[in-house]
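Trainee: The structure file query13.cif (mmCIF, C-alpha atoms and all ligand atoms) is provided below.
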data_upload
#
loop_
_atom_site.label_atom_id
_atom_site.label_comp_id
_atom_site.auth_asym_id
_atom_site.auth_seq_id
_atom_site.Cartn_x
_atom_site.Cartn_y
_atom_site.Cartn_z
CA MET A 112 27.87 -1.63 -0.85
CA ARG A 113 28.35 -4.61 -3.13
CA THR A 114 30.55 -4.61 -6.21
CA ILE A 115 29.04 -5.62 -9.56
CA SER A 116 28.86 -9.43 -9.66
CA SER A 117 28.96 -11.82 -12.57
CA HIS A 118 25.56 -13.33 -11.77
CA SER A 119 23.92 -13.95 -15.13
CA LEU A 120 20.51 -12.58 -14.15
CA VAL A 121 22.08 -9.46 -12.66
CA GLU A 122 24.17 -9.01 -15.82
CA GLN A 123 21.05 -9.37 -17.93
CA LEU A 124 19.26 -6.77 -15.78
CA ASP A 125 22.21 -4.40 -16.13
CA GLN A 126 21.45 -4.26 -19.86
CA LEU A 127 17.87 -3.19 -19.10
CA THR A 128 18.77 0.12 -17.48
CA VAL A 129 18.85 3.85 -18.21
CA THR A 130 20.26 6.82 -16.31
CA GLY A 131 17.88 7.43 -13.43
CA THR A 132 16.46 10.59 -11.91
CA PHE A 133 16.10 9.69 -8.23
CA PHE A 134 19.74 10.49 -7.36
CA GLU A 135 22.13 13.36 -6.65
CA PRO A 136 25.67 13.53 -8.07
CA LEU A 137 28.42 13.84 -5.44
CA ASP A 138 32.13 14.61 -5.68
CA GLY A 139 34.53 12.00 -7.00
CA ASN A 140 31.93 10.59 -9.41
CA ARG A 141 29.96 9.26 -6.46
CA VAL A 142 26.13 9.34 -6.48
CA LYS A 143 23.53 9.33 -3.71
CA CYS A 144 20.33 7.44 -4.54
CA TYR A 145 17.20 8.62 -2.74
CA ALA A 146 14.68 6.20 -4.26
CA CYS A 147 14.52 4.44 -0.89
CA ALA A 148 15.51 5.10 2.72
CA HIS A 149 18.81 3.24 2.40
CA GLN A 150 20.00 6.34 0.50
CA CYS A 151 23.02 4.46 -0.81
CA VAL A 152 26.12 6.52 -1.60
CA LEU A 153 27.87 4.69 -4.43
CA LYS A 154 31.30 4.99 -5.98
CA PRO A 155 31.72 4.09 -9.67
CA GLY A 156 31.29 0.33 -10.05
CA GLN A 157 29.27 -0.10 -6.86
CA ARG A 158 25.68 -1.19 -6.74
CA GLY A 159 23.08 -0.44 -4.09
CA VAL A 160 21.62 -2.69 -1.43
CA CYS A 161 18.85 -3.54 -3.92
CA ARG A 162 21.52 -4.72 -6.46
CA VAL A 163 19.48 -3.46 -9.43
CA ARG A 164 20.73 0.18 -9.32
CA PHE A 165 24.42 0.91 -9.80
CA ASN A 166 26.91 3.69 -10.38
CA GLU A 167 28.34 3.64 -13.89
CA LYS A 168 30.97 6.33 -14.43
CA GLY A 169 29.29 8.83 -12.12
CA VAL A 170 25.64 8.32 -13.05
CA LEU A 171 23.06 6.03 -11.46
CA LYS A 172 21.78 3.35 -13.79
CA VAL A 173 18.27 2.13 -12.95
CA PRO A 174 15.91 -0.63 -14.14
CA TRP A 175 13.94 0.19 -17.28
CA GLY A 176 11.88 -1.25 -20.09
CA TYR A 177 10.72 -4.67 -18.90
CA THR A 178 8.24 -6.42 -16.66
CA THR A 179 8.22 -9.89 -15.20
CA GLY A 180 4.50 -9.97 -15.45
CA MET A 181 1.38 -7.89 -15.90
CA ALA A 182 -1.98 -9.03 -14.55
CA LEU A 183 -5.48 -7.73 -14.11
CA ASP A 184 -6.20 -7.95 -10.41
CA PRO A 185 -9.12 -6.91 -8.21
CA VAL A 186 -7.95 -3.88 -6.24
CA GLU A 187 -8.97 -5.80 -3.08
CA LYS A 188 -6.11 -8.23 -3.76
CA LYS A 189 -3.47 -5.50 -3.19
CA PRO A 190 -5.19 -5.08 -0.60
CA PHE A 191 -6.97 -1.73 -0.96
CA ASN A 192 -10.47 -1.48 0.51
CA HIS A 193 -10.99 2.31 0.29
CA PHE A 194 -9.46 2.89 -3.14
CA LEU A 195 -11.83 2.36 -6.08
CA PRO A 196 -13.46 -0.73 -4.49
CA GLY A 197 -14.71 -3.40 -6.85
CA SER A 198 -12.48 -2.22 -9.70
CA LEU A 199 -9.77 -3.96 -11.66
CA THR A 200 -6.17 -2.79 -11.63
CA LEU A 201 -3.39 -3.50 -14.06
CA SER A 202 -0.56 -4.74 -11.86
CA PHE A 203 3.02 -4.91 -13.06
CA GLY A 204 6.32 -5.84 -11.47
CA MET A 205 10.05 -5.89 -12.09
CA LEU A 206 12.75 -7.67 -10.08
CA GLY A 207 14.45 -7.00 -6.75
CA CYS A 208 13.89 -5.60 -3.29
CA ASN A 209 15.65 -3.47 -0.70
CA PHE A 210 14.68 -5.84 2.17
CA THR A 211 15.49 -9.52 2.69
CA CYS A 212 12.38 -10.84 4.49
CA GLU A 213 12.58 -14.57 5.10
CA PHE A 214 8.77 -14.80 4.87
CA CYS A 215 8.51 -13.00 1.51
CA GLN A 216 5.36 -14.17 -0.26
CA ASN A 217 6.59 -12.73 -3.59
CA TRP A 218 10.15 -14.01 -3.31
CA ILE A 219 10.38 -15.42 -6.83
CA THR A 220 10.44 -11.89 -8.22
CA ALA A 221 11.35 -9.77 -5.18
CA GLN A 222 14.38 -11.86 -4.14
CA ALA A 223 15.34 -13.04 -7.63
CA VAL A 224 18.66 -11.20 -7.71
CA ASN A 225 19.65 -12.59 -4.31
CA GLU A 226 18.83 -16.18 -5.26
CA PRO A 227 21.37 -17.70 -7.66
CA TYR A 228 19.17 -20.76 -7.89
CA GLY A 229 15.90 -18.80 -8.04
CA LYS A 230 13.16 -19.42 -10.51
CA VAL A 231 13.49 -16.35 -12.72
CA SER A 232 15.27 -16.96 -16.01
CA PRO A 233 16.54 -13.95 -18.01
CA TYR A 234 14.13 -15.12 -20.73
CA TYR A 235 11.26 -14.36 -18.33
CA LEU A 236 11.81 -10.62 -18.70
CA GLN A 237 9.29 -9.14 -21.11
CA PRO A 238 10.37 -5.97 -22.94
CA VAL A 239 7.62 -3.34 -22.79
CA THR A 240 7.20 0.44 -23.06
CA PRO A 241 5.28 2.74 -20.69
CA ALA A 242 2.79 3.39 -23.52
CA GLU A 243 2.16 -0.34 -23.90
CA VAL A 244 1.50 -0.76 -20.16
CA VAL A 245 -0.99 2.13 -20.19
CA ALA A 246 -2.65 0.86 -23.38
CA ALA A 247 -3.07 -2.59 -21.79
CA ALA A 248 -4.77 -1.01 -18.77
CA ILE A 249 -7.19 0.96 -20.93
CA ARG A 250 -7.91 -1.98 -23.23
CA ASN A 251 -8.81 -4.12 -20.21
CA ARG A 252 -10.93 -1.44 -18.49
CA ALA A 253 -8.63 -1.19 -15.47
CA LYS A 254 -9.25 1.86 -13.30
CA ALA A 255 -5.70 2.00 -11.97
CA ILE A 256 -2.15 0.84 -12.64
CA ILE A 257 -0.29 -0.58 -9.66
CA SER A 258 3.43 -1.18 -9.21
CA THR A 259 3.71 -4.42 -7.22
CA TYR A 260 5.28 -7.94 -7.15
CA ASN A 261 8.69 -6.44 -6.35
CA GLU A 262 9.58 -3.37 -4.25
CA PRO A 263 8.39 -0.28 -6.17
CA TRP A 264 10.84 2.22 -4.63
CA ILE A 265 13.83 0.55 -6.25
CA THR A 266 12.20 0.81 -9.69
CA ALA A 267 10.65 4.24 -9.09
CA ASP A 268 12.03 5.84 -12.28
CA TRP A 269 10.26 3.23 -14.43
CA SER A 270 6.92 3.45 -12.60
CA GLU A 271 7.13 7.25 -12.71
CA ALA A 272 7.33 7.09 -16.54
CA ILE A 273 4.29 4.80 -16.66
CA PHE A 274 2.30 6.79 -14.10
CA THR A 275 2.96 10.13 -15.82
CA LEU A 276 1.37 8.73 -18.94
CA ALA A 277 -1.40 6.93 -17.06
CA LYS A 278 -2.52 10.12 -15.32
CA LYS A 279 -2.77 11.91 -18.67
CA LYS A 280 -5.16 9.14 -19.76
CA GLY A 281 -7.35 9.51 -16.66
CA LEU A 282 -6.13 6.41 -14.81
CA ARG A 283 -5.31 6.24 -11.11
CA THR A 284 -2.00 4.86 -9.85
CA GLY A 285 -0.63 3.08 -6.79
CA TYR A 286 2.29 1.37 -5.08
CA VAL A 287 2.20 -1.87 -3.09
CA SER A 288 5.24 -1.26 -0.96
CA ASN A 289 7.25 -1.82 2.20
CA GLY A 290 7.10 1.93 2.92
CA PHE A 291 10.88 2.33 3.19
CA ALA A 292 10.90 5.65 1.34
CA THR A 293 12.34 9.15 1.56
CA HIS A 294 10.60 12.53 1.60
CA LYS A 295 12.44 13.54 -1.55
CA GLY A 296 11.33 10.39 -3.36
CA LEU A 297 7.72 10.89 -2.26
CA ASP A 298 7.81 14.56 -3.26
CA THR A 299 8.96 13.51 -6.73
CA LEU A 300 6.31 10.81 -7.08
CA LYS A 301 3.40 12.68 -5.51
CA PRO A 302 2.00 14.42 -8.64
CA ASN A 303 1.50 11.02 -10.27
CA LEU A 304 0.92 8.72 -7.28
CA ASP A 305 -2.63 8.37 -5.91
CA ALA A 306 -2.40 5.46 -3.47
CA LEU A 307 0.15 3.70 -1.34
CA LYS A 308 -0.22 0.37 0.42
CA VAL A 309 2.43 0.06 3.11
CA ASP A 310 3.39 -3.32 4.51
CA LEU A 311 4.11 -2.51 8.16
CA LYS A 312 5.78 -5.79 8.94
CA CYS A 313 6.38 -5.54 12.68
CA GLY A 314 6.38 -3.11 15.58
CA THR A 315 9.98 -3.06 16.82
CA GLU A 316 13.27 -1.76 15.46
CA SER A 317 14.98 -5.04 16.34
CA HIS A 318 12.56 -7.01 14.17
CA TYR A 319 12.97 -4.50 11.35
CA ARG A 320 16.75 -4.92 11.52
CA GLU A 321 16.26 -8.64 10.74
CA LEU A 322 14.61 -7.56 7.47
CA GLY A 323 17.20 -4.97 6.54
CA GLY A 324 15.03 -1.93 7.26
CA ARG A 325 14.08 0.59 9.95
CA LEU A 326 10.68 0.94 11.61
CA ALA A 327 11.02 4.70 12.06
CA ASP A 328 11.43 5.27 8.31
CA VAL A 329 8.35 3.19 7.50
CA ILE A 330 6.22 5.05 10.06
CA ASP A 331 7.53 8.31 8.67
CA THR A 332 6.55 7.26 5.13
CA ILE A 333 2.97 6.54 6.25
CA ALA A 334 2.72 9.95 7.93
CA TYR A 335 4.39 11.93 5.17
CA ALA A 336 2.43 10.26 2.35
CA GLN A 337 -0.81 11.14 4.15
CA GLU A 338 0.42 14.70 4.61
CA LEU A 339 1.01 14.89 0.85
CA GLY A 340 -2.55 13.71 0.19
CA ILE A 341 -1.65 10.23 -1.07
CA TRP A 342 -4.26 7.67 -0.02
CA VAL A 343 -2.58 5.17 2.37
CA GLU A 344 -3.67 1.75 3.61
CA VAL A 345 -1.50 -0.39 5.88
CA VAL A 346 -1.22 -4.17 5.96
CA THR A 347 0.47 -6.47 8.47
CA LEU A 348 1.06 -10.12 7.69
CA VAL A 349 0.47 -11.78 11.06
CA ILE A 350 3.13 -14.48 11.46
CA PRO A 351 2.59 -16.87 14.38
CA GLY A 352 5.64 -16.84 16.62
CA TRP A 353 7.29 -13.87 14.89
CA ASN A 354 5.19 -10.70 15.11
CA ASP A 355 1.92 -11.84 16.71
CA SER A 356 2.60 -11.04 20.38
CA PRO A 357 0.02 -8.65 21.88
CA ASP A 358 2.84 -6.19 22.67
CA GLU A 359 3.97 -6.07 19.05
CA LEU A 360 0.43 -5.84 17.65
CA TRP A 361 -0.36 -3.04 20.10
CA ALA A 362 2.80 -1.20 19.04
CA ILE A 363 1.84 -1.49 15.36
CA SER A 364 -1.78 -0.43 15.99
CA ARG A 365 -0.83 2.54 18.16
CA SER A 366 1.69 3.78 15.59
CA ILE A 367 -0.92 3.77 12.83
CA ALA A 368 -3.66 5.26 15.02
CA SER A 369 -1.36 8.05 16.18
CA ILE A 370 -0.91 9.12 12.53
CA SER A 371 -4.62 8.85 11.69
CA PRO A 372 -7.33 6.55 13.10
CA ASN A 373 -8.92 6.68 9.63
CA THR A 374 -6.02 4.71 8.13
CA PRO A 375 -7.36 1.29 7.09
CA TRP A 376 -5.34 -1.54 8.68
CA HIS A 377 -5.44 -5.00 7.12
CA VAL A 378 -4.24 -7.94 9.18
CA THR A 379 -3.63 -10.82 6.82
CA ALA A 380 -2.95 -14.52 7.21
CA PHE A 381 0.56 -15.89 6.65
CA HIS A 382 1.33 -19.18 4.94
CA PRO A 383 4.78 -20.79 5.17
CA ASP A 384 6.91 -19.65 2.23
CA TYR A 385 10.48 -18.96 1.10
CA LYS A 386 12.89 -19.31 4.05
CA MET A 387 10.21 -19.25 6.77
CA GLN A 388 8.75 -22.72 6.60
CA GLU A 389 8.73 -23.57 10.30
CA HIS A 390 6.04 -21.14 11.40
CA PRO A 391 2.42 -22.38 11.10
CA PRO A 392 -0.23 -20.62 8.99
CA THR A 393 -2.22 -17.91 10.76
CA SER A 394 -5.57 -19.10 12.12
CA PRO A 395 -8.84 -17.12 11.89
CA ASP A 396 -8.76 -16.73 15.70
CA GLU A 397 -5.34 -15.07 15.55
CA LEU A 398 -6.57 -12.61 12.94
CA LEU A 399 -9.65 -11.83 15.05
CA LYS A 400 -7.44 -11.16 18.11
CA ALA A 401 -5.14 -8.89 16.08
CA SER A 402 -8.19 -7.04 14.72
CA GLU A 403 -9.55 -6.49 18.24
CA ILE A 404 -6.25 -4.93 19.28
CA GLY A 405 -6.40 -2.60 16.29
CA GLN A 406 -9.95 -1.55 17.12
CA GLU A 407 -9.11 -1.04 20.81
CA ALA A 408 -6.14 1.11 19.77
CA GLY A 409 -8.60 3.41 18.04
CA LEU A 410 -8.39 2.33 14.40
CA ILE A 411 -11.78 2.75 12.76
CA TYR A 412 -11.32 0.56 9.67
CA VAL A 413 -9.74 -2.79 10.52
CA TYR A 414 -9.89 -5.70 8.07
CA ALA A 415 -8.87 -9.34 8.23
CA GLY A 416 -7.63 -10.82 4.97
CA ASN A 417 -6.51 -13.99 3.17
CA LEU A 418 -9.14 -16.16 4.90
CA PRO A 419 -12.36 -15.40 2.99
CA GLY A 420 -15.57 -16.32 4.79
CA ARG A 421 -13.72 -17.23 8.02
CA VAL A 422 -13.36 -13.86 9.74
CA GLY A 423 -16.96 -12.76 10.29
CA SER A 424 -17.70 -9.18 9.28
CA LEU A 425 -14.01 -8.18 9.17
CA GLU A 426 -14.01 -8.29 5.38
CA ASN A 427 -16.65 -5.53 5.26
CA THR A 428 -16.54 -1.75 5.57
CA HIS A 429 -18.90 -0.38 8.21
CA CYS A 430 -20.15 3.17 8.55
CA PRO A 431 -18.60 4.45 11.82
CA GLN A 432 -21.77 6.47 12.54
CA CYS A 433 -24.76 4.17 11.89
CA LEU A 434 -22.60 0.98 11.97
CA LYS A 435 -24.32 -0.49 8.90
CA PRO A 436 -22.12 -2.39 6.40
CA VAL A 437 -21.62 -0.07 3.44
CA ILE A 438 -19.35 -2.41 1.47
CA ILE A 439 -19.76 -6.15 1.85
CA ARG A 440 -16.98 -8.37 0.53
CA ARG A 441 -16.17 -12.02 0.21
CA GLY A 442 -12.48 -12.44 -0.49
CA PHE A 443 -11.63 -10.12 -3.37
CA THR A 444 -15.25 -9.71 -4.50
CA VAL A 445 -17.53 -6.81 -3.55
CA THR A 446 -21.00 -8.27 -3.15
CA HIS A 447 -22.92 -5.21 -1.90
CA TYR A 448 -22.09 -1.53 -2.17
CA HIS A 449 -23.93 1.22 -0.30
CA LEU A 450 -21.84 4.36 -0.78
CA THR A 451 -22.84 7.43 -2.75
CA PRO A 452 -20.60 8.30 -5.72
CA ASP A 453 -18.62 10.70 -3.52
CA GLY A 454 -18.14 8.15 -0.74
CA HIS A 455 -20.90 8.88 1.79
CA CYS A 456 -22.88 6.22 3.64
CA GLU A 457 -26.14 5.72 1.74
CA TYR A 458 -28.00 5.16 5.02
CA CYS A 459 -26.96 8.16 7.12
CA GLY A 460 -24.79 10.36 4.89
CA THR A 461 -21.57 10.03 6.90
CA PRO A 462 -18.44 10.52 4.73
CA ILE A 463 -16.16 7.48 4.54
CA PRO A 464 -12.50 8.35 3.87
CA GLY A 465 -11.02 6.99 0.67
CA VAL A 466 -10.80 7.40 -3.09
CA TRP A 467 -14.14 6.61 -4.68
CA ASP A 468 -15.38 6.26 -8.20
CA THR A 469 -18.46 8.01 -9.51
CA GLU A 470 -19.48 4.67 -11.01
CA LYS A 471 -20.45 1.91 -8.63
CA PRO A 472 -18.34 -1.25 -8.83
CA SER A 473 -18.99 -2.87 -12.18
CA ALA A 474 -21.89 -5.32 -12.43
CA ARG A 475 -19.41 -7.91 -13.66
CA ARG A 476 -17.86 -8.11 -10.23
CA PHE A 477 -21.09 -8.11 -8.24
CA ALA A 478 -22.58 -11.35 -7.00
CA PHE A 479 -26.21 -10.33 -6.41
S1 LIG B 1 16.84 2.04 -4.32
FE1 LIG B 1 17.49 2.02 -2.19
S2 LIG B 1 18.80 0.20 -2.04
FE2 LIG B 1 18.62 0.68 -4.23
S3 LIG B 1 20.38 1.99 -4.69
FE3 LIG B 1 18.66 3.33 -4.20
S4 LIG B 1 18.88 3.78 -2.01
FE4 LIG B 1 20.15 1.96 -2.43
#
How does the structure come out when it is put into structure tokens?
Ligand code: SF4
Mentor:
Amino acid sequence: MRTISSHSLVEQLDQLTVTGTFFEPLDGNRVKCYACAHQCVLKPGQRGVCRVRFNEKGVLKVPWGYTTGMALDPVEKKPFNHFLPGSLTLSFGMLGCNFTCEFCQNWITAQAVNEPYGKVSPYYLQPVTPAEVVAAAIRNRAKAIISTYNEPWITADWSEAIFTLAKKKGLRTGYVSNGFATHKGLDTLKPNLDALKVDLKCGTESHYRELGGRLADVIDTIAYAQELGIWVEVVTLVIPGWNDSPDELWAISRSIASISPNTPWHVTAFHPDYKMQEHPPTSPDELLKASEIGQEAGLIYVYAGNLPGRVGSLENTHCPQCLKPVIIRRGFTVTHYHLTPDGHCEYCGTPIPGVWDTEKPSARRFAF
């Protein structure tokens, strides 16, 4: 564990904290945090691997009361393809992460506390209340509120406050996450968490160790969240020369298929970012090859993302029975929608797994 540092951003964040709920008190004023699978045991004065949660005199202080940004995003941008397709979500984020991925595509916020020369100034933190986040979602006709931009597990207490209120107002909720969770954390969140996008970054424990995580815990999160009835989609950023070997892609695909072949798997294109500048961007051909592996492994809903218009029909949802496209997309836009309000194929009546809205995607986001 790290001791509390004098980093100005970290000090500023320490002021924006409250006593958390995702922890157990231990003897000697120690605490055990179970917000993520690191399950840090902290003595007074120590902070967790994520650096934004710390033990202060025997209680766990956790991030609270700010965002580094709120935005209205298409749900397809998360990416979710079977969760309220064609709708807008209110996305919010805080700072910090429990992994240290060199290819992080959200590093400005997620790795802010690890980057003394990062781009986040303390003045960038916007004070906000859970009621204000929910009101913003309703005012902007969002169907769901999503915790994203940084790792949601490490700020679970704050999102739980927002989601509790959001559910009372009829909104759906979701996490865009690395899936490094605990059963106890998921049990706590479940009543107010509808959807979980898990970034399954690679298929081997040795690769996961490079990121500061464990493959087995991420696979377990996918399985347990599904068992709890949370809607789960999985995404893998395909990085040429790092996780794109057929062996690794087969390992990833088989793991997901063995939990449920109905789990949507998104393979998305990497662009050089943060500390991984030497690997080239992913080509459409590489995404097509990864998708084929997923389909051969038995996954029914495989999507290729981040390269709109360059991956054939892999942006669309097909009915597994009659094979017709029931949702046609271009990038983040739904252009055609052929599901009944309860998620059956309009052509043959086959149910498509997911979370559907009784209203079809809004006309505003259709391009007929
Ligand atoms: S969220 Fe994870 S990394 Fe942070 S203190 Fe809790 S267990 Fe440790």
Trainee: With only C-alpha atoms as the atoms that count, which of A:Glu338, A:Glu316, A:Asp396, A:Glu457 lies nearest to Pro351 in chain A?
Mentor: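 Closest residue, counting only C-alpha atoms: A:Asp396.
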Trainee: Residues of chain A that have any atom at most 8 Å from an atom of ligand LIG 1 (chain B): could you tabulate them with the shortest-distance atom pair and the distance in Å to one decimal, using all atoms listed in the file, ordered by chain and increasing number, as a tab-separated table?
Mentor:
residue	atom	partner	partner_atom	distance
A:Phe133	CA	B:LIG1	FE3	8.0
A:Phe134	CA	B:LIG1	FE3	7.9
A:Lys143	CA	B:LIG1	S4	7.4
A:Cys144	CA	B:LIG1	FE3	4.4
A:Tyr145	CA	B:LIG1	S4	5.2
A:Ala146	CA	B:LIG1	S1	4.7
A:Cys147	CA	B:LIG1	FE1	4.0
A:Ala148	CA	B:LIG1	S4	6.0
A:His149	CA	B:LIG1	S4	4.4
A:Gln150	CA	B:LIG1	S4	3.8
A:Cys151	CA	B:LIG1	FE4	4.1
A:Val152	CA	B:LIG1	FE4	7.6
A:Leu153	CA	B:LIG1	S3	8.0
A:Arg158	CA	B:LIG1	S3	6.5
A:Gly159	CA	B:LIG1	S3	3.7
A:Val160	CA	B:LIG1	S2	4.1
A:Cys161	CA	B:LIG1	S2	4.2
A:Arg162	CA	B:LIG1	FE2	6.5
A:Val163	CA	B:LIG1	FE2	6.7
A:Arg164	CA	B:LIG1	S3	5.0
A:Phe165	CA	B:LIG1	S3	6.6
A:Cys208	CA	B:LIG1	S2	7.7
A:Asn209	CA	B:LIG1	S2	5.0
A:Trp264	CA	B:LIG1	S1	6.0
A:Ile265	CA	B:LIG1	S1	3.9
A:Thr266	CA	B:LIG1	S1	7.2
Trainee: What does the distance from CA of Glu470 in chain A to CA of Pro452 in chain A come to in Å, to one decimal?
Mentor: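 Answer for the CA of Glu470 in chain A to CA of Pro452 in chain A separation: 6.5 Å.
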Trainee: Pull the neighbourhood of (18.5, -0.7, -20.7) for me: all residues within 8 Å in file coordinates, counting all atoms listed in the file, as a list in words.
Mentor: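 Within the cut-off we find Leu124, Asp125, Gln126, Leu127, Thr128, Val129, Pro174, Trp175 and Gly176 of chain A.
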Trainee: Measuring between only C-alpha atoms, which one of A:Pro375, A:Pro357, A:Pro436, A:Pro155 shows the shortest distance to His193 in chain A?
Mentor: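 Between A:Pro375, A:Pro357, A:Pro436, A:Pro155, the residue approaching His193 in chain A most closely is A:Pro375.
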Trainee: In Å, how far is it from CA of Thr461 in chain A to CA of Leu434 in chain A?
Mentor: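 About the pair CA of Thr461 in chain A and CA of Leu434 in chain A: they are 10.4 Å apart.
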Trainee: Under the rule that only C-alpha atoms are counted, which of A:Gln432, A:Ser402, A:Thr444, A:Thr220 is the nearest residue to Cys456 in chain A?
Mentor: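 Checking each of A:Gln432, A:Ser402, A:Thr444, A:Thr220 against Cys456 in chain A, counting only C-alpha atoms, the winner is A:Gln432.
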Trainee: Mind pulling up the distance from CA of Ile256 in chain A to CA of Gly285 in chain A?
Mentor: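 Computed distance, CA of Gly285 in chain A to CA of Ile256 in chain A, equals 6.4 Å.
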Trainee: Skipping near chain neighbours, those fewer than 2 positions away, what residues fall within 9 Å of Asp328 in chain A using all atoms listed in the file, listed as a VMD selection string?
Mentor: chain A and resid 148 290 to 293 324 to 326 330 to 333
Trainee: Keeping only C-alpha atoms, write the selected residues as a CSV table (one decimal), in the coordinates of the input.
Mentor:
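Below is the file that was written, result-v4.csv:
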chain,number,residue,atom,x,y,z
A,148,ALA,CA,15.5,5.1,2.7
A,290,GLY,CA,7.1,1.9,2.9
A,291,PHE,CA,10.9,2.3,3.2
A,292,ALA,CA,10.9,5.6,1.3
A,293,THR,CA,12.3,9.2,1.6
A,324,GLY,CA,15.0,-1.9,7.3
A,325,ARG,CA,14.1,0.6,10.0
A,326,LEU,CA,10.7,0.9,11.6
A,330,ILE,CA,6.2,5.0,10.1
A,331,ASP,CA,7.5,8.3,8.7
A,332,THR,CA,6.6,7.3,5.1
A,333,ILE,CA,3.0,6.5,6.2
Trainee: Can you work out which one of A:Ile404, A:Val437, A:Met387, A:Val186 has the shortest atom-to-atom distance to Cys215 in chain A, counting all atoms listed in the file?
Mentor: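 With all atoms listed in the file as the atom set, the closest residue is A:Met387.
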Trainee: Calculated over all atoms listed in the file, which of the candidates A:Val346, A:Met205, A:Leu311, A:Cys430 has the smallest distance to Asn217 in chain A?
Mentor: A:Met205
Trainee: Excluding same-chain residues fewer than 5 positions from Asn140 in chain A, what lies within 7 Å of it counting all atoms listed in the file, as a ChimeraX atom specification?
Mentor: /A:154-155,168-169
Trainee: Please list as a PDB file with C-alpha atoms, in the coordinates of the input every residue within 9 Å of Pro372 in chain A, counting all atoms listed in the file and excluding residues in the same chain fewer than 6 positions away.
Mentor:
ATOM      1  CA  ALA A 408      -6.140   1.110  19.770  1.00  0.00           C
ATOM      2  CA  GLY A 409      -8.600   3.410  18.040  1.00  0.00           C
ATOM      3  CA  LEU A 410      -8.390   2.330  14.400  1.00  0.00           C
ATOM      4  CA  ILE A 411     -11.780   2.750  12.760  1.00  0.00           C
ATOM      5  CA  TYR A 412     -11.320   0.560   9.670  1.00  0.00           C
TER       6      TYR A 412
END
Trainee: Name all residues at most 8 Å from Val170 in chain A (count all atoms listed in the file; drop same-chain ones fewer than 5 positions away) and give them as a list in words.
Mentor: Thr130, Gly131, Pro136, Asn140, Arg141 and Val142 of chain A
Trainee: At a cut-off of 10 Å, using all atoms listed in the file, what residues contact Pro419 in chain A? Leave out same-chain residues fewer than 5 positions from it and give the result as a PyMOL selection string.
Mentor: chain A and resi 395+425-426+440-444
